[in-house]
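Participant: Input structure: target.txt, which contains compact mmCIF, C-alpha atoms.
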```txt
# COMPACT_ATOMS: atom_id res chain seq x y z
CA MET A 91 -52.77 11.21 -25.24
CA THR A 92 -49.36 12.38 -26.43
CA ALA A 93 -46.56 12.29 -23.91
CA PRO A 94 -45.09 15.70 -23.15
CA THR A 95 -41.88 16.53 -24.92
CA ARG A 96 -38.95 16.70 -22.57
CA THR A 97 -35.83 18.65 -23.34
CA ALA A 98 -32.57 18.54 -21.47
CA PRO A 99 -31.87 21.64 -19.44
CA VAL A 100 -29.36 24.02 -20.94
CA LEU A 101 -26.48 24.24 -18.51
CA ALA A 102 -24.41 27.38 -18.26
CA PRO A 103 -20.71 26.85 -18.91
CA ARG A 104 -18.81 26.16 -15.71
CA SER A 105 -15.42 27.53 -14.74
CA SER A 106 -12.40 25.38 -13.99
CA ALA A 107 -12.94 25.89 -10.26
CA GLU A 108 -16.62 24.94 -10.52
CA LEU A 109 -15.87 21.80 -12.54
CA ILE A 110 -13.17 20.68 -10.11
CA GLN A 111 -15.54 21.24 -7.20
CA ALA A 112 -18.32 19.33 -9.00
CA GLU A 113 -16.13 16.25 -9.39
CA GLY A 114 -15.67 15.82 -5.63
CA PRO A 115 -19.03 14.27 -4.68
CA VAL A 116 -19.41 12.07 -7.79
CA LEU A 117 -15.94 10.80 -8.73
CA ALA A 118 -13.87 8.27 -6.81
CA HIS A 119 -10.85 10.05 -5.36
CA ASN A 120 -8.25 7.71 -6.84
CA TYR A 121 -6.32 10.55 -8.51
CA HIS A 122 -4.92 13.86 -7.34
CA PRO A 123 -4.70 15.81 -10.60
CA LEU A 124 -3.24 19.25 -11.02
CA PRO A 125 -5.95 21.93 -10.84
CA VAL A 126 -6.24 22.47 -14.59
CA VAL A 127 -9.36 21.55 -16.59
CA VAL A 128 -8.48 20.81 -20.21
CA ALA A 129 -11.18 21.48 -22.79
CA ARG A 130 -9.33 21.52 -26.12
CA ALA A 131 -5.99 20.30 -27.43
CA GLU A 132 -3.92 20.08 -30.57
CA GLY A 133 -0.35 18.93 -31.06
CA VAL A 134 1.68 19.71 -27.95
CA TRP A 135 -0.71 22.37 -26.66
CA VAL A 136 -3.81 22.10 -24.47
CA GLU A 137 -6.31 24.79 -23.51
CA ASP A 138 -8.43 25.02 -20.39
CA VAL A 139 -12.08 26.09 -20.20
CA GLU A 140 -11.08 29.72 -19.72
CA GLY A 141 -8.86 29.64 -22.82
CA ARG A 142 -5.48 29.52 -21.08
CA ARG A 143 -2.90 27.54 -23.08
CA TYR A 144 -0.38 25.08 -21.68
CA LEU A 145 2.52 23.18 -23.16
CA ASP A 146 1.91 19.49 -22.46
CA MET A 147 5.17 17.97 -21.20
CA LEU A 148 3.54 14.75 -19.95
CA ALA A 149 1.75 13.44 -23.07
CA GLY A 150 -0.66 11.30 -21.07
CA TYR A 151 2.20 9.25 -19.58
CA SER A 152 3.34 8.55 -23.18
CA ALA A 153 -0.15 7.71 -24.48
CA LEU A 154 0.12 10.87 -26.62
CA ASN A 155 3.51 10.23 -28.21
CA PHE A 156 2.17 11.66 -31.49
CA GLY A 157 0.56 14.67 -29.86
CA HIS A 158 -3.06 15.54 -29.35
CA ARG A 159 -5.33 14.82 -32.31
CA HIS A 160 -2.64 13.90 -34.82
CA PRO A 161 -4.31 14.40 -38.23
CA ALA A 162 -3.46 10.94 -39.58
CA LEU A 163 -4.81 9.24 -36.47
CA ILE A 164 -7.96 11.36 -36.30
CA ASP A 165 -8.59 10.64 -40.00
CA ALA A 166 -8.21 6.90 -39.43
CA ALA A 167 -10.65 7.04 -36.51
CA HIS A 168 -13.20 9.11 -38.45
CA ARG A 169 -13.10 6.76 -41.43
CA GLN A 170 -13.56 3.72 -39.21
CA LEU A 171 -16.37 5.34 -37.21
CA ASP A 172 -18.32 5.59 -40.45
CA GLN A 173 -17.89 1.87 -41.13
CA LEU A 174 -17.74 -0.37 -38.05
CA THR A 175 -16.71 0.06 -34.42
CA LEU A 176 -17.29 -3.23 -32.60
CA THR A 177 -18.10 -6.84 -33.40
CA SER A 178 -16.65 -8.55 -30.30
CA ARG A 179 -14.37 -11.50 -30.97
CA ALA A 180 -17.44 -13.68 -31.55
CA PHE A 181 -16.94 -12.72 -35.20
CA HIS A 182 -14.01 -11.71 -37.38
CA ASN A 183 -13.63 -8.10 -38.50
CA ASP A 184 -11.90 -6.74 -41.57
CA ARG A 185 -9.30 -4.62 -39.70
CA LEU A 186 -7.84 -7.03 -37.18
CA ALA A 187 -5.65 -9.19 -39.44
CA GLY A 188 -3.90 -6.16 -40.92
CA PHE A 189 -3.28 -4.67 -37.49
CA ALA A 190 -1.80 -7.91 -36.13
CA GLU A 191 0.38 -8.38 -39.22
CA ALA A 192 1.71 -4.82 -38.95
CA LEU A 193 2.40 -5.03 -35.21
CA ALA A 194 4.18 -8.37 -35.52
CA GLY A 195 6.26 -6.91 -38.34
CA LEU A 196 7.12 -3.78 -36.36
CA THR A 197 8.33 -5.75 -33.35
CA GLY A 198 9.96 -8.68 -35.12
CA LEU A 199 7.79 -11.17 -33.24
CA ASP A 200 5.17 -13.63 -34.49
CA MET A 201 1.76 -13.37 -32.85
CA VAL A 202 -0.45 -10.73 -31.25
CA LEU A 203 -3.00 -10.92 -28.44
CA PRO A 204 -4.98 -7.65 -28.64
CA MET A 205 -6.31 -6.12 -25.44
CA ASN A 206 -7.32 -2.63 -24.29
CA THR A 207 -5.43 -1.24 -21.30
CA GLY A 208 -1.85 -1.61 -20.19
CA ALA A 209 -2.83 -3.47 -17.04
CA GLU A 210 -4.81 -5.93 -19.18
CA ALA A 211 -1.72 -6.54 -21.28
CA VAL A 212 0.34 -7.26 -18.16
CA GLU A 213 -2.31 -9.58 -16.69
CA SER A 214 -2.56 -11.35 -20.05
CA GLY A 215 1.21 -11.72 -20.24
CA ILE A 216 1.24 -13.30 -16.79
CA LYS A 217 -1.46 -15.79 -17.78
CA VAL A 218 0.31 -16.70 -21.00
CA ALA A 219 3.64 -17.17 -19.22
CA ARG A 220 2.10 -19.52 -16.67
CA LYS A 221 0.31 -21.54 -19.36
CA TRP A 222 3.56 -21.79 -21.32
CA ALA A 223 5.40 -22.94 -18.19
CA TYR A 224 2.96 -25.79 -17.65
CA ASP A 225 2.44 -26.84 -21.26
CA VAL A 226 5.92 -26.31 -22.70
CA LYS A 227 8.48 -26.09 -19.90
CA GLY A 228 6.83 -28.77 -17.78
CA VAL A 229 6.55 -26.91 -14.47
CA PRO A 230 4.30 -28.87 -12.06
CA ALA A 231 0.72 -27.59 -11.84
CA ASP A 232 0.21 -24.40 -9.82
CA ARG A 233 3.93 -24.00 -9.04
CA ALA A 234 4.97 -21.51 -11.72
CA THR A 235 6.75 -18.39 -10.47
CA ILE A 236 7.47 -15.05 -12.10
CA VAL A 237 10.42 -12.88 -11.10
CA VAL A 238 9.84 -9.12 -11.03
CA ALA A 239 11.95 -6.08 -10.14
CA GLY A 240 11.65 -3.85 -7.10
CA GLY A 241 10.29 -0.39 -7.84
CA ASN A 242 8.16 -1.75 -10.67
CA PHE A 243 4.98 -0.23 -11.98
CA HIS A 244 2.93 -2.53 -14.20
CA GLY A 245 -0.58 -1.35 -13.32
CA ARG A 246 -3.01 -1.34 -10.42
CA THR A 247 -5.02 -4.55 -10.59
CA THR A 248 -4.94 -6.70 -7.46
CA THR A 249 -2.53 -9.19 -8.99
CA ILE A 250 -0.13 -6.45 -10.07
CA VAL A 251 -0.15 -4.40 -6.87
CA GLY A 252 0.44 -7.65 -5.04
CA PHE A 253 3.98 -7.77 -6.42
CA SER A 254 4.54 -4.02 -6.16
CA ASP A 255 6.59 -2.57 -3.31
CA ASP A 256 4.59 0.67 -3.34
CA GLU A 257 2.72 0.49 -0.04
CA GLU A 258 0.28 3.20 -1.11
CA ALA A 259 -0.82 0.96 -3.97
CA ARG A 260 -0.91 -2.20 -1.81
CA ALA A 261 -2.37 -1.14 1.52
CA GLY A 262 -5.93 -2.33 2.01
CA PHE A 263 -6.18 -4.46 -1.14
CA GLY A 264 -4.95 -7.92 -0.03
CA PRO A 265 -4.87 -10.85 0.04
CA PHE A 266 -2.60 -11.02 -2.97
CA ALA A 267 -1.89 -13.74 -5.50
CA PRO A 268 1.20 -15.87 -4.78
CA GLY A 269 3.78 -16.87 -7.35
CA PHE A 270 5.96 -13.76 -7.62
CA ARG A 271 9.53 -13.14 -6.49
CA THR A 272 10.95 -9.63 -6.27
CA VAL A 273 14.61 -8.78 -6.82
CA PRO A 274 16.34 -5.39 -6.98
CA TYR A 275 16.16 -3.69 -10.37
CA ASN A 276 19.42 -3.56 -12.32
CA ASP A 277 20.94 -6.43 -10.31
CA LEU A 278 21.78 -9.45 -12.46
CA ALA A 279 23.28 -11.44 -9.59
CA ALA A 280 20.09 -11.16 -7.56
CA LEU A 281 18.03 -12.08 -10.60
CA GLU A 282 20.11 -15.18 -11.27
CA ALA A 283 19.75 -16.28 -7.64
CA ALA A 284 15.95 -15.95 -7.84
CA VAL A 285 15.46 -17.97 -11.04
CA ASP A 286 14.94 -21.72 -10.68
CA GLU A 287 13.18 -24.63 -12.36
CA THR A 288 9.74 -23.19 -11.46
CA THR A 289 10.39 -19.82 -13.11
CA ALA A 290 8.01 -19.16 -15.96
CA ALA A 291 9.25 -15.67 -16.76
CA VAL A 292 11.20 -12.60 -15.75
CA LEU A 293 8.97 -9.52 -16.08
CA ILE A 294 10.69 -6.13 -16.13
CA GLU A 295 10.39 -2.63 -17.52
CA PRO A 296 13.45 -1.84 -19.67
CA ILE A 297 13.24 1.64 -18.11
CA GLN A 298 11.25 2.13 -14.91
CA GLY A 299 8.99 5.11 -15.55
CA GLU A 300 6.92 5.55 -12.41
CA ALA A 301 10.01 5.04 -10.27
CA GLY A 302 11.51 8.20 -11.79
CA VAL A 303 12.73 7.13 -15.26
CA LEU A 304 15.36 4.75 -13.90
CA ILE A 305 17.70 3.55 -16.64
CA PRO A 306 19.64 0.33 -16.02
CA ASP A 307 23.37 -0.06 -16.54
CA ASP A 308 24.58 -0.86 -20.03
CA GLY A 309 24.47 -4.62 -20.46
CA TYR A 310 21.64 -5.24 -17.98
CA LEU A 311 19.01 -6.02 -20.60
CA THR A 312 21.49 -8.19 -22.51
CA GLY A 313 22.21 -9.99 -19.26
CA VAL A 314 18.51 -10.57 -18.60
CA ARG A 315 18.12 -11.98 -22.10
CA GLU A 316 21.09 -14.34 -21.73
CA LEU A 317 20.08 -15.42 -18.23
CA THR A 318 16.48 -16.25 -19.20
CA ARG A 319 17.67 -18.14 -22.25
CA ARG A 320 20.06 -20.25 -20.16
CA ALA A 321 17.40 -20.86 -17.49
CA GLY A 322 14.76 -21.85 -20.02
CA CYS A 323 12.27 -19.18 -18.96
CA LEU A 324 10.65 -16.25 -20.75
CA PHE A 325 11.82 -12.65 -20.86
CA ILE A 326 8.76 -10.37 -20.73
CA ALA A 327 9.51 -6.71 -21.47
CA ASP A 328 6.88 -4.22 -20.35
CA GLU A 329 7.23 -1.42 -22.91
CA ILE A 330 3.85 0.14 -22.25
CA GLN A 331 5.49 3.48 -21.40
CA SER A 332 8.96 3.08 -22.85
CA GLY A 333 7.93 1.77 -26.25
CA LEU A 334 6.81 3.17 -29.59
CA GLY A 335 9.38 5.88 -30.15
CA ARG A 336 9.67 7.42 -26.71
CA THR A 337 13.35 6.63 -26.12
CA GLY A 338 14.64 7.34 -29.64
CA THR A 339 14.09 3.80 -30.90
CA THR A 340 10.85 1.95 -31.59
CA LEU A 341 11.41 -0.11 -28.43
CA ALA A 342 13.67 0.63 -25.47
CA VAL A 343 15.17 -2.89 -25.64
CA GLU A 344 16.63 -1.94 -29.01
CA HIS A 345 19.26 0.16 -27.24
CA GLU A 346 20.90 -3.18 -26.45
CA SER A 347 19.68 -5.04 -29.56
CA VAL A 348 17.64 -7.35 -27.34
CA VAL A 349 14.56 -9.26 -28.51
CA PRO A 350 12.36 -10.47 -25.63
CA ASP A 351 10.12 -13.52 -25.84
CA VAL A 352 7.07 -11.45 -24.88
CA LEU A 353 6.49 -7.75 -25.40
CA LEU A 354 3.77 -5.76 -23.64
CA LEU A 355 2.54 -2.64 -25.43
CA GLY A 356 -0.16 -0.05 -24.76
CA LYS A 357 -0.59 3.69 -24.25
CA ALA A 358 0.81 5.18 -27.49
CA LEU A 359 -0.54 2.22 -29.47
CA GLY A 360 -3.97 3.85 -29.21
CA GLY A 361 -2.73 7.19 -30.52
CA GLY A 362 -4.33 9.06 -27.64
CA ILE A 363 -7.74 8.25 -29.13
CA VAL A 364 -8.81 4.81 -27.92
CA PRO A 365 -7.31 2.39 -25.37
CA VAL A 366 -5.29 -0.23 -27.26
CA SER A 367 -2.81 -2.68 -25.80
CA ALA A 368 -1.27 -5.93 -26.91
CA VAL A 369 0.81 -8.90 -25.91
CA VAL A 370 3.21 -9.66 -28.78
CA ALA A 371 5.26 -12.83 -28.59
CA ARG A 372 6.93 -15.75 -30.26
CA ARG A 373 4.53 -18.28 -31.79
CA GLU A 374 5.64 -20.98 -29.34
CA VAL A 375 4.48 -18.74 -26.47
CA LEU A 376 1.18 -17.25 -27.59
CA GLY A 377 0.35 -20.49 -29.35
CA VAL A 378 -0.43 -22.11 -25.99
CA LEU A 379 -3.77 -20.28 -25.79
CA GLY A 380 -6.87 -22.02 -27.01
CA PRO A 381 -10.48 -20.82 -27.49
CA GLY A 382 -12.14 -19.83 -24.22
CA GLN A 383 -8.91 -19.56 -22.24
CA HIS A 384 -8.61 -15.80 -22.50
CA GLY A 385 -10.53 -12.96 -24.09
CA SER A 386 -11.82 -9.41 -24.16
CA THR A 387 -15.05 -8.10 -25.67
CA PHE A 388 -13.37 -4.92 -26.89
CA GLY A 389 -9.91 -6.38 -27.54
CA GLY A 390 -9.05 -6.09 -31.21
CA ASN A 391 -12.18 -4.09 -32.05
CA PRO A 392 -12.22 -2.52 -35.55
CA LEU A 393 -11.84 1.06 -34.30
CA ALA A 394 -8.85 0.12 -32.16
CA ALA A 395 -7.32 -1.88 -35.00
CA ALA A 396 -7.74 1.03 -37.42
CA VAL A 397 -6.13 3.55 -35.07
CA GLY A 398 -3.40 1.09 -34.05
CA SER A 399 -2.59 0.40 -37.69
CA ALA A 400 -2.29 4.14 -38.33
CA VAL A 401 0.09 4.44 -35.34
CA ILE A 402 2.27 1.68 -36.79
CA GLU A 403 2.33 3.49 -40.14
CA LEU A 404 3.65 6.62 -38.41
CA LEU A 405 6.34 4.62 -36.64
CA ALA A 406 7.32 2.84 -39.85
CA THR A 407 8.63 6.13 -41.24
CA GLY A 408 11.23 6.37 -38.46
CA GLU A 409 10.53 10.10 -38.15
CA PHE A 410 9.34 9.99 -34.55
CA GLN A 411 12.19 7.80 -33.35
CA ARG A 412 14.67 10.23 -34.96
CA ARG A 413 12.97 13.24 -33.39
CA ALA A 414 13.03 11.64 -29.95
CA ALA A 415 16.73 10.83 -30.30
CA GLU A 416 17.74 14.27 -31.63
CA LEU A 417 15.59 16.35 -29.31
CA GLY A 418 16.50 14.03 -26.47
CA GLU A 419 20.07 15.29 -26.75
CA ARG A 420 18.77 18.85 -26.51
CA LEU A 421 16.77 17.89 -23.44
CA ARG A 422 19.87 16.34 -21.81
CA THR A 423 21.91 19.47 -22.53
CA GLY A 424 19.22 21.70 -21.04
CA LEU A 425 18.88 19.61 -17.90
CA ALA A 426 22.64 19.38 -17.48
CA ALA A 427 22.77 23.21 -17.51
CA LEU A 428 20.26 23.25 -14.61
CA THR A 429 22.14 20.69 -12.54
CA GLY A 430 23.40 22.44 -9.43
CA LYS A 431 20.90 25.24 -10.00
CA GLY A 432 17.92 23.56 -8.36
CA VAL A 433 18.26 20.26 -10.17
CA THR A 434 20.21 17.71 -8.14
CA GLY A 435 20.25 15.03 -10.82
CA PHE A 436 18.38 13.61 -13.78
CA ARG A 437 18.06 10.52 -15.93
CA SER A 438 16.94 10.67 -19.55
CA ARG A 439 16.68 8.61 -22.67
CA GLY A 440 15.16 10.10 -25.79
CA LEU A 441 12.35 12.48 -24.89
CA TRP A 442 11.84 11.02 -21.44
CA ALA A 443 13.42 12.30 -18.25
CA GLY A 444 13.13 11.99 -14.50
CA VAL A 445 14.35 15.20 -12.89
CA ASP A 446 15.30 15.36 -9.21
CA ILE A 447 14.64 18.77 -7.66
CA ASP A 448 16.40 20.07 -4.57
CA PRO A 449 13.89 19.24 -1.78
CA ALA A 450 14.60 22.65 -0.24
CA LEU A 451 12.86 24.20 -3.25
CA GLY A 452 9.70 22.12 -2.93
CA THR A 453 8.13 18.74 -3.49
CA GLY A 454 7.56 17.38 -6.97
CA ARG A 455 3.92 18.35 -6.62
CA GLU A 456 4.79 21.93 -5.69
CA ILE A 457 7.20 22.26 -8.60
CA SER A 458 4.50 20.88 -10.95
CA GLU A 459 2.03 23.47 -9.69
CA ARG A 460 4.53 26.28 -10.22
CA LEU A 461 5.19 25.07 -13.75
CA MET A 462 1.44 24.95 -14.38
CA LYS A 463 1.28 28.66 -13.54
CA GLU A 464 4.07 29.15 -16.09
CA GLY A 465 1.93 27.39 -18.71
CA VAL A 466 3.80 24.06 -18.65
CA LEU A 467 2.22 20.77 -17.57
CA VAL A 468 4.34 18.04 -15.97
CA LYS A 469 3.66 15.44 -13.28
CA ASP A 470 5.50 14.58 -10.14
CA THR A 471 6.43 11.13 -8.98
CA HIS A 472 8.12 10.14 -5.71
CA GLY A 473 9.51 12.87 -3.45
CA SER A 474 10.86 15.86 -5.33
CA THR A 475 11.12 14.17 -8.72
CA ILE A 476 9.18 15.32 -11.78
CA ARG A 477 8.78 13.55 -15.10
CA LEU A 478 9.16 15.09 -18.53
CA ALA A 479 7.69 13.19 -21.48
CA PRO A 480 6.48 15.62 -24.17
CA PRO A 481 4.81 14.52 -27.39
CA LEU A 482 7.42 13.49 -29.93
CA THR A 483 6.07 16.24 -32.18
CA ILE A 484 7.44 18.99 -29.94
CA THR A 485 9.74 21.52 -31.63
CA ALA A 486 13.18 22.59 -30.44
CA ASP A 487 11.82 26.05 -29.58
CA GLU A 488 8.95 24.57 -27.55
CA LEU A 489 11.34 22.28 -25.69
CA ASP A 490 13.63 25.22 -24.93
CA ALA A 491 10.64 27.21 -23.67
CA ALA A 492 9.70 24.40 -21.26
CA LEU A 493 13.27 24.22 -19.96
CA GLY A 494 13.26 27.99 -19.53
CA SER A 495 10.10 27.74 -17.44
CA LEU A 496 11.71 25.05 -15.29
CA ALA A 497 14.72 27.31 -14.73
CA ARG A 498 12.46 30.15 -13.60
CA VAL A 499 10.51 28.10 -11.05
CA LEU A 500 13.76 26.88 -9.51
CA ILE A 501 15.00 30.36 -8.67
```
Taking this structure as input, can you express it in the form of structure tokens?

Facilitator:
Amino acid sequence: MTAPTRTAPVLAPRSSAELIQAEGPVLAHNYHPLPVVVARAEGVWVEDVEGRRYLDMLAGYSALNFGHRHPALIDAAHRQLDQLTLTSRAFHNDRLAGFAEALAGLTGLDMVLPMNTGAEAVESGIKVARKWAYDVKGVPADRATIVVAGGNFHGRTTTIVGFSDDEEARAGFGPFAPGFRTVPYNDLAALEAAVDETTAAVLIEPIQGEAGVLIPDDGYLTGVRELTRRAGCLFIADEIQSGLGRTGTTLAVEHESVVPDVLLLGKALGGGIVPVSAVVARREVLGVLGPGQHGSTFGGNPLAAAVGSAVIELLATGEFQRRAAELGERLRTGLAALTGKGVTGFRSRGLWAGVDIDPALGTGREISERLMKEGVLVKDTHGSTIRLAPPLTITADELDAALGSLARVLI
């Protein structure tokens, strides 16, 4: 007897409101997104299910530095999809060596540990730093410490939220791993007081994104580099958001000509197509890992390596760094013109800005919702601060249009 043929039911298209309502019972409520349902995107523009277009001024928290569906990145993904997508690290694949060589060359470091998400890169960096402290520095077993900065955002795993000072991220998730010391960001004296013979590493963001795009004083990164060198500990720079062209240079540390011992990358490294992250470091540091001591089934997969290699090729031209630097000046000029007219202050570097809105005009969330109605997508952070981080492919006219929309919602 032949089994009856079963066909999937044909579902009628659902509206934005219906799709948002449908998520409620089946998705964990760990996000509070703006009420827009994106269905299509290209370049700096996205379109919702009803066909309304929006200018994307967030770029997936810098995961979309090259815009949505950049042709070179889509082509690299398509070509690799026709060949090989995953082997696991149980075997070699033909794309991984080239990706690691290119990434080491781009950063000026020696070795690459490929992972998937930004939080994985941070967790991996922590493990590597501790192993280095025991094997190379000679810290007694289980006594290694890592110094971090207040206001940090490195991810949301239990280890990472344990050394966060964001109570919303911490509450209800303890107990937390020991071994971390927190000092104020942008305070070299406090950092020096916290470093001792047990310190494996200092882990900081060169620019704190989630905190509101906080930019340290000139000389801070140089001071961190000199201090860690004197103390015989590692300098780990988390460039998951700030890196890969966002600030007008390939890496944010380049604004002070600093080379860290360990570099954490993610977000834009996957081109907005696949999650790709990496720990990139000096050979002496990553060389402490041996087989079985760390791993990831998907880390360094051929599809990720192909897309990541294509991202590095785009960055090698210098075009995107130049665009971020040049348009970043236009962004600064536009925000300066709004200061005192609803904007109480801002911080920017390249095409990345934290904009403080007069609380009397609304919260950051309320301003983001008003901009959404204007056809511009941004995201709030703490209080009345919004973040601007458009794709680096944005044009001057598109940037001006976004600033014009911001001016209108502040009236």

Participant: Can you work out the spacing between atom CA of Thr423 of chain A and atom CA of Glu295 of chain A in Å, to one decimal?

Facilitator: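 Calculated distance between atom CA of Thr423 of chain A and atom CA of Glu295 of chain A is 25.4 Å.
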
Participant: Near Ala368 of chain A, counting all atoms listed in the file, which residues have an atom at most 7 Å away, once you skip same-chain residues fewer than 5 positions from it, shown as a PyMOL selection string?

Facilitator: chain A and resi 202-205+211+354-356

Participant: Using only C-alpha atoms, which of the listed residues (A:Leu376, A:Leu359, A:Ala301, A:Ile484) sits closest to Leu441 of chain A?

Facilitator: A:Ile484

Participant: Identify, on the basis of all atoms listed in the file, every residue whose closest approach to Ser214 of chain A does not exceed 12 Å; exclude the query and any residue fewer than 4 positions from it along the same chain; express the result as a short mmCIF file (atom, residue, chain, number, x, y, z; two decimals) with C-alpha atoms, keeping the file's coordinate frame.

Facilitator:
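Saved file part20.cif follows:
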```cif
data_model
loop_
_atom_site.label_atom_id
_atom_site.label_comp_id
_atom_site.auth_asym_id
_atom_site.auth_seq_id
_atom_site.Cartn_x
_atom_site.Cartn_y
_atom_site.Cartn_z
CA VAL A 202 -0.45 -10.73 -31.25
CA LEU A 203 -3.00 -10.92 -28.44
CA PRO A 204 -4.98 -7.65 -28.64
CA MET A 205 -6.31 -6.12 -25.44
CA ASN A 206 -7.32 -2.63 -24.29
CA THR A 207 -5.43 -1.24 -21.30
CA GLY A 208 -1.85 -1.61 -20.19
CA ALA A 209 -2.83 -3.47 -17.04
CA GLU A 210 -4.81 -5.93 -19.18
CA VAL A 218 0.31 -16.70 -21.00
CA ALA A 219 3.64 -17.17 -19.22
CA ARG A 220 2.10 -19.52 -16.67
CA LYS A 221 0.31 -21.54 -19.36
CA HIS A 244 2.93 -2.53 -14.20
CA THR A 247 -5.02 -4.55 -10.59
CA THR A 249 -2.53 -9.19 -8.99
CA ILE A 250 -0.13 -6.45 -10.07
CA ILE A 326 8.76 -10.37 -20.73
CA ASP A 328 6.88 -4.22 -20.35
CA VAL A 352 7.07 -11.45 -24.88
CA LEU A 353 6.49 -7.75 -25.40
CA LEU A 354 3.77 -5.76 -23.64
CA LEU A 355 2.54 -2.64 -25.43
CA SER A 367 -2.81 -2.68 -25.80
CA ALA A 368 -1.27 -5.93 -26.91
CA VAL A 369 0.81 -8.90 -25.91
CA VAL A 370 3.21 -9.66 -28.78
CA ALA A 371 5.26 -12.83 -28.59
CA LEU A 376 1.18 -17.25 -27.59
CA LEU A 379 -3.77 -20.28 -25.79
CA GLN A 383 -8.91 -19.56 -22.24
CA HIS A 384 -8.61 -15.80 -22.50
CA GLY A 385 -10.53 -12.96 -24.09
CA SER A 386 -11.82 -9.41 -24.16
CA GLY A 389 -9.91 -6.38 -27.54
#
```

Participant: Quick one: of A:Ala267, A:Thr318, A:Leu311, A:Tyr121, who's nearest to Glu282 of chain A, counting all atoms listed in the file?

Facilitator: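 Between A:Ala267, A:Thr318, A:Leu311, A:Tyr121, the residue approaching Glu282 of chain A most closely is A:Thr318.
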
Participant: Would you write out, as a Markdown table, a table of all residues in segment 124-232 of chain A that have an atom no more than 10 Å from an atom of segment 444-463 of chain A, listing for each the closest atom pair and the distance in Å to one decimal, considering only C-alpha atoms and ordering rows by chain and rising residue number?

Facilitator:
```
| residue | atom | partner | partner_atom | distance |
| --- | --- | --- | --- | --- |
| A:Leu124 | CA | A:Glu459 | CA | 6.9 |
| A:Pro125 | CA | A:Glu459 | CA | 8.2 |
| A:Val126 | CA | A:Met462 | CA | 8.1 |
| A:Tyr144 | CA | A:Met462 | CA | 7.5 |
| A:Leu145 | CA | A:Met462 | CA | 9.0 |
| A:Asp146 | CA | A:Met462 | CA | 9.8 |
```

Participant: Return the single residue from A:Leu317, A:Leu196, A:Leu496, A:Val433 that is closest to Ser474 of chain A, with distances computed using all atoms listed in the file.

Facilitator: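 Closest to Ser474 of chain A, using all atoms listed in the file: A:Val433.
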
Participant: Report, in Å to a single decimal, how far apart atom CA of Arg336 of chain A and atom CA of Ala291 of chain A are.

Facilitator: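 Spanning atom CA of Ala291 of chain A to atom CA of Arg336 of chain A is a straight-line distance of 25.1 Å.
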
Participant: At a cut-off of 9 Å, using all atoms listed in the file, what residues contact segment 397-411 of chain A? Leave out same-chain residues fewer than 6 positions from it and give the result as a PDB file with C-alpha atoms, in the frame of the given file.

Facilitator:
```
ATOM      1  CA  ASN A 155       3.510  10.230 -28.210  1.00  0.00           C
ATOM      2  CA  PHE A 156       2.170  11.660 -31.490  1.00  0.00           C
ATOM      3  CA  ALA A 162      -3.460  10.940 -39.580  1.00  0.00           C
ATOM      4  CA  LEU A 163      -4.810   9.240 -36.470  1.00  0.00           C
ATOM      5  CA  ILE A 164      -7.960  11.360 -36.300  1.00  0.00           C
ATOM      6  CA  ASP A 165      -8.590  10.640 -40.000  1.00  0.00           C
ATOM      7  CA  ALA A 166      -8.210   6.900 -39.430  1.00  0.00           C
ATOM      8  CA  ALA A 167     -10.650   7.040 -36.510  1.00  0.00           C
ATOM      9  CA  GLN A 170     -13.560   3.720 -39.210  1.00  0.00           C
ATOM     10  CA  ARG A 185      -9.300  -4.620 -39.700  1.00  0.00           C
ATOM     11  CA  GLY A 188      -3.900  -6.160 -40.920  1.00  0.00           C
ATOM     12  CA  PHE A 189      -3.280  -4.670 -37.490  1.00  0.00           C
ATOM     13  CA  ALA A 190      -1.800  -7.910 -36.130  1.00  0.00           C
ATOM     14  CA  ALA A 192       1.710  -4.820 -38.950  1.00  0.00           C
ATOM     15  CA  LEU A 193       2.400  -5.030 -35.210  1.00  0.00           C
ATOM     16  CA  LEU A 196       7.120  -3.780 -36.360  1.00  0.00           C
ATOM     17  CA  LEU A 334       6.810   3.170 -29.590  1.00  0.00           C
ATOM     18  CA  GLY A 335       9.380   5.880 -30.150  1.00  0.00           C
ATOM     19  CA  ARG A 336       9.670   7.420 -26.710  1.00  0.00           C
ATOM     20  CA  THR A 337      13.350   6.630 -26.120  1.00  0.00           C
ATOM     21  CA  GLY A 338      14.640   7.340 -29.640  1.00  0.00           C
ATOM     22  CA  THR A 339      14.090   3.800 -30.900  1.00  0.00           C
ATOM     23  CA  THR A 340      10.850   1.950 -31.590  1.00  0.00           C
ATOM     24  CA  ALA A 358       0.810   5.180 -27.490  1.00  0.00           C
ATOM     25  CA  LEU A 359      -0.540   2.220 -29.470  1.00  0.00           C
ATOM     26  CA  GLY A 360      -3.970   3.850 -29.210  1.00  0.00           C
ATOM     27  CA  GLY A 361      -2.730   7.190 -30.520  1.00  0.00           C
ATOM     28  CA  ILE A 363      -7.740   8.250 -29.130  1.00  0.00           C
ATOM     29  CA  VAL A 364      -8.810   4.810 -27.920  1.00  0.00           C
ATOM     30  CA  VAL A 366      -5.290  -0.230 -27.260  1.00  0.00           C
ATOM     31  CA  GLY A 440      15.160  10.100 -25.790  1.00  0.00           C
ATOM     32  CA  LEU A 482       7.420  13.490 -29.930  1.00  0.00           C
ATOM     33  CA  THR A 483       6.070  16.240 -32.180  1.00  0.00           C
TER      34      THR A 483
END
```

Participant: Write out as number ranges by chain which residues come within 12 Å of Arg271 of chain A when counting all atoms listed in the file, dropping same-chain ones fewer than 4 positions away.

Facilitator: A: 234-240, 252-255, 267, 280-286, 288-294
